[in-house]
Amino acid sequence: MDRDSETASNTSASSSRTTTTSSISLRNRPILNPTPPSTRHRSPSPTRKVLSQLRYATPSLRVCQPDVRVVEPSMVRELIGMLVKELTGGVIPMDLKPRLQRVEPNQFSLPSPLFETHTIQYSTTYLSNLWRTTVNIYNDARACNDDFKDENAWMTVVTSVLKSAIEYIDPDSDLDDYEPPMLNVQSVQTQAISSSLLPTHTSTSFAKKADLALAFSLSHPEVFHALEPIHTQYPDLCLSQMEDAYTMRVPLVAGVEVKERGGSYNEATVQLGVWCAAGLEKLRRLREEGHDKRTRERGEADEPLRWEGEAEGGGELPPFVGWTVVGHEWKLHVVWKDRSGNVTVLGPWRLLNAGTGSHAEILVLLALIRRVERWVRGVYWPWLRGNVLDGLGEREGVE
């Protein structure tokens, strides 16, 4: 066979193989049918479902934003009014402005309403300690954010913020008269809530936990003297919604639910709301027990407890305060229980939102927590002692 014939034969064979291969490939290729858009769907959010169920639970729990159509009890109105009034004015010492301008030059090139007036003076030691606290919190929070740390790392930051605020020493106070803070920070993340205090829905109990709580401290002399008679007479009596050996013995007044950066605000709100609802139900029961005990031991007529507007102080329960913390963002909520037993979680208030994303935000956040602590000392504690603790602590036959 000459070369031209051999070449033609090879070309023909190659063409035949290609045709055969192409024919086989086309015949056996997979048939791809696109999935119709109507069959594609996302799974429903379990948290939104829980929020919906809680509205129809017993007692009901509704979460809503501040609005004129929401009827707030007088104690809630007064608390929010006080916080908004004070936090929208100057809360940062003017002497810290140069330091803030150095670390955050773009935020303070113009006059800011965040600063107090020049007439309010602080000692150099006080300002140095406040600035050092602020810088430490900022650095820790920044590391959590930039390094994508988990919830436990953010919990450490939140605990530091709370402790720094409530362990604050008034610069005008006399150090010789110093006494321990009335509140302290308790980790309740792993502690169970008494199941009898939780909202229920079609035999389902919403056993949600908060991460941190502000508790009345037994190291504070006034708290100790109010609680000691109760602990002596009723060693097994729970004074909070928790079942832990320590936190069951002390009243709790505020909760904090923490999520890492990118965490679910809805989930945090559910956890905070359920925790507060259980605490308010416990407060209601303790108030009834204290009232009944006082009535029996004084031989007075058994009168039902009154509610708001029916007598001075009424029967209105004071609210619980709480924060959801998702990464840098702290959102304040106020939770109350009405005379029907239903619970409302109201928040957040944009004017009261704060955080740890900048030095200025941290200074505002510390000021906010201190004003909440001041409200607890001046309003919540006197109510708690007069309406609950004194009645429970009365000894039989002693007036």
# chains A, B, ... in the order shown; residues from 1 in each chain; ligands from 1

$ residues_around --residues "Arg249 in chain A" --least-positions-apart "3" --cutoff "7 Å" --atoms "only C-alpha atoms" --output "PyMOL selection string"
chain A and resi 238-240+246

$ write_last_selection --atoms "all heavy atoms" --output "compact mmCIF listing (two decimals), in the first residue's frame"
# COMPACT_ATOMS: atom_id res chain seq x y z
N CYS A 238 -37.42 29.49 97.47
CA CYS A 238 -36.73 30.09 96.32
C CYS A 238 -37.15 31.56 96.20
O CYS A 238 -38.34 31.87 96.21
CB CYS A 238 -37.09 29.35 95.04
SG CYS A 238 -36.47 27.67 94.95
N LEU A 239 -36.18 32.43 96.07
CA LEU A 239 -36.45 33.86 95.89
C LEU A 239 -36.25 34.31 94.45
O LEU A 239 -36.35 35.49 94.15
CB LEU A 239 -35.56 34.67 96.83
CG LEU A 239 -35.80 34.45 98.32
CD1 LEU A 239 -34.82 35.26 99.15
CD2 LEU A 239 -37.23 34.78 98.71
N SER A 240 -35.96 33.37 93.57
CA SER A 240 -35.85 33.67 92.14
C SER A 240 -36.42 32.50 91.37
O SER A 240 -36.84 31.49 91.94
CB SER A 240 -34.39 33.92 91.75
OG SER A 240 -33.70 32.69 91.61
N TYR A 246 -27.37 28.55 94.74
CA TYR A 246 -27.12 29.93 95.15
C TYR A 246 -28.15 30.90 94.59
O TYR A 246 -28.76 31.66 95.34
CB TYR A 246 -25.71 30.39 94.74
CG TYR A 246 -25.48 31.85 95.10
CD1 TYR A 246 -25.22 32.22 96.42
CD2 TYR A 246 -25.58 32.85 94.14
CE1 TYR A 246 -25.05 33.55 96.77
CE2 TYR A 246 -25.41 34.18 94.49
CZ TYR A 246 -25.14 34.53 95.79
OH TYR A 246 -25.00 35.85 96.14

$ residues_around --residues "range 65-80 of chain A" --least-positions-apart "5" --cutoff "8 Å" --atoms "only C-alpha atoms" --output "list in words"
Glu308, Glu316, Pro318, Pro319, Val334, Trp336, Leu346, Gly347, Pro348, Trp349 and Trp375 of chain A

$ write_last_selection --atoms "C-alpha atoms" --output "mmCIF file, in the first residue's frame"
data_model
loop_
_atom_site.group_PDB
_atom_site.id
_atom_site.type_symbol
_atom_site.label_atom_id
_atom_site.label_comp_id
_atom_site.auth_asym_id
_atom_site.auth_seq_id
_atom_site.Cartn_x
_atom_site.Cartn_y
_atom_site.Cartn_z
ATOM 1 C CA GLU A 308 -52.165 49.981 89.692
ATOM 2 C CA GLU A 316 -48.364 46.758 89.951
ATOM 3 C CA PRO A 318 -42.096 46.426 88.840
ATOM 4 C CA PRO A 319 -40.645 45.428 85.463
ATOM 5 C CA VAL A 334 -38.246 46.211 79.493
ATOM 6 C CA TRP A 336 -43.617 43.513 82.606
ATOM 7 C CA LEU A 346 -40.983 45.914 74.867
ATOM 8 C CA GLY A 347 -37.937 47.019 72.958
ATOM 9 C CA PRO A 348 -35.521 47.906 71.718
ATOM 10 C CA TRP A 349 -35.479 51.693 72.147
ATOM 11 C CA TRP A 375 -33.175 52.818 89.393
#

$ select_by_dssp --residues "range 212-366 of chain A" --states "strand (DSSP E)" --output "PyMOL selection string"
chain A and resi 212-216+252-259+320-326+329-337+343-346+354-355
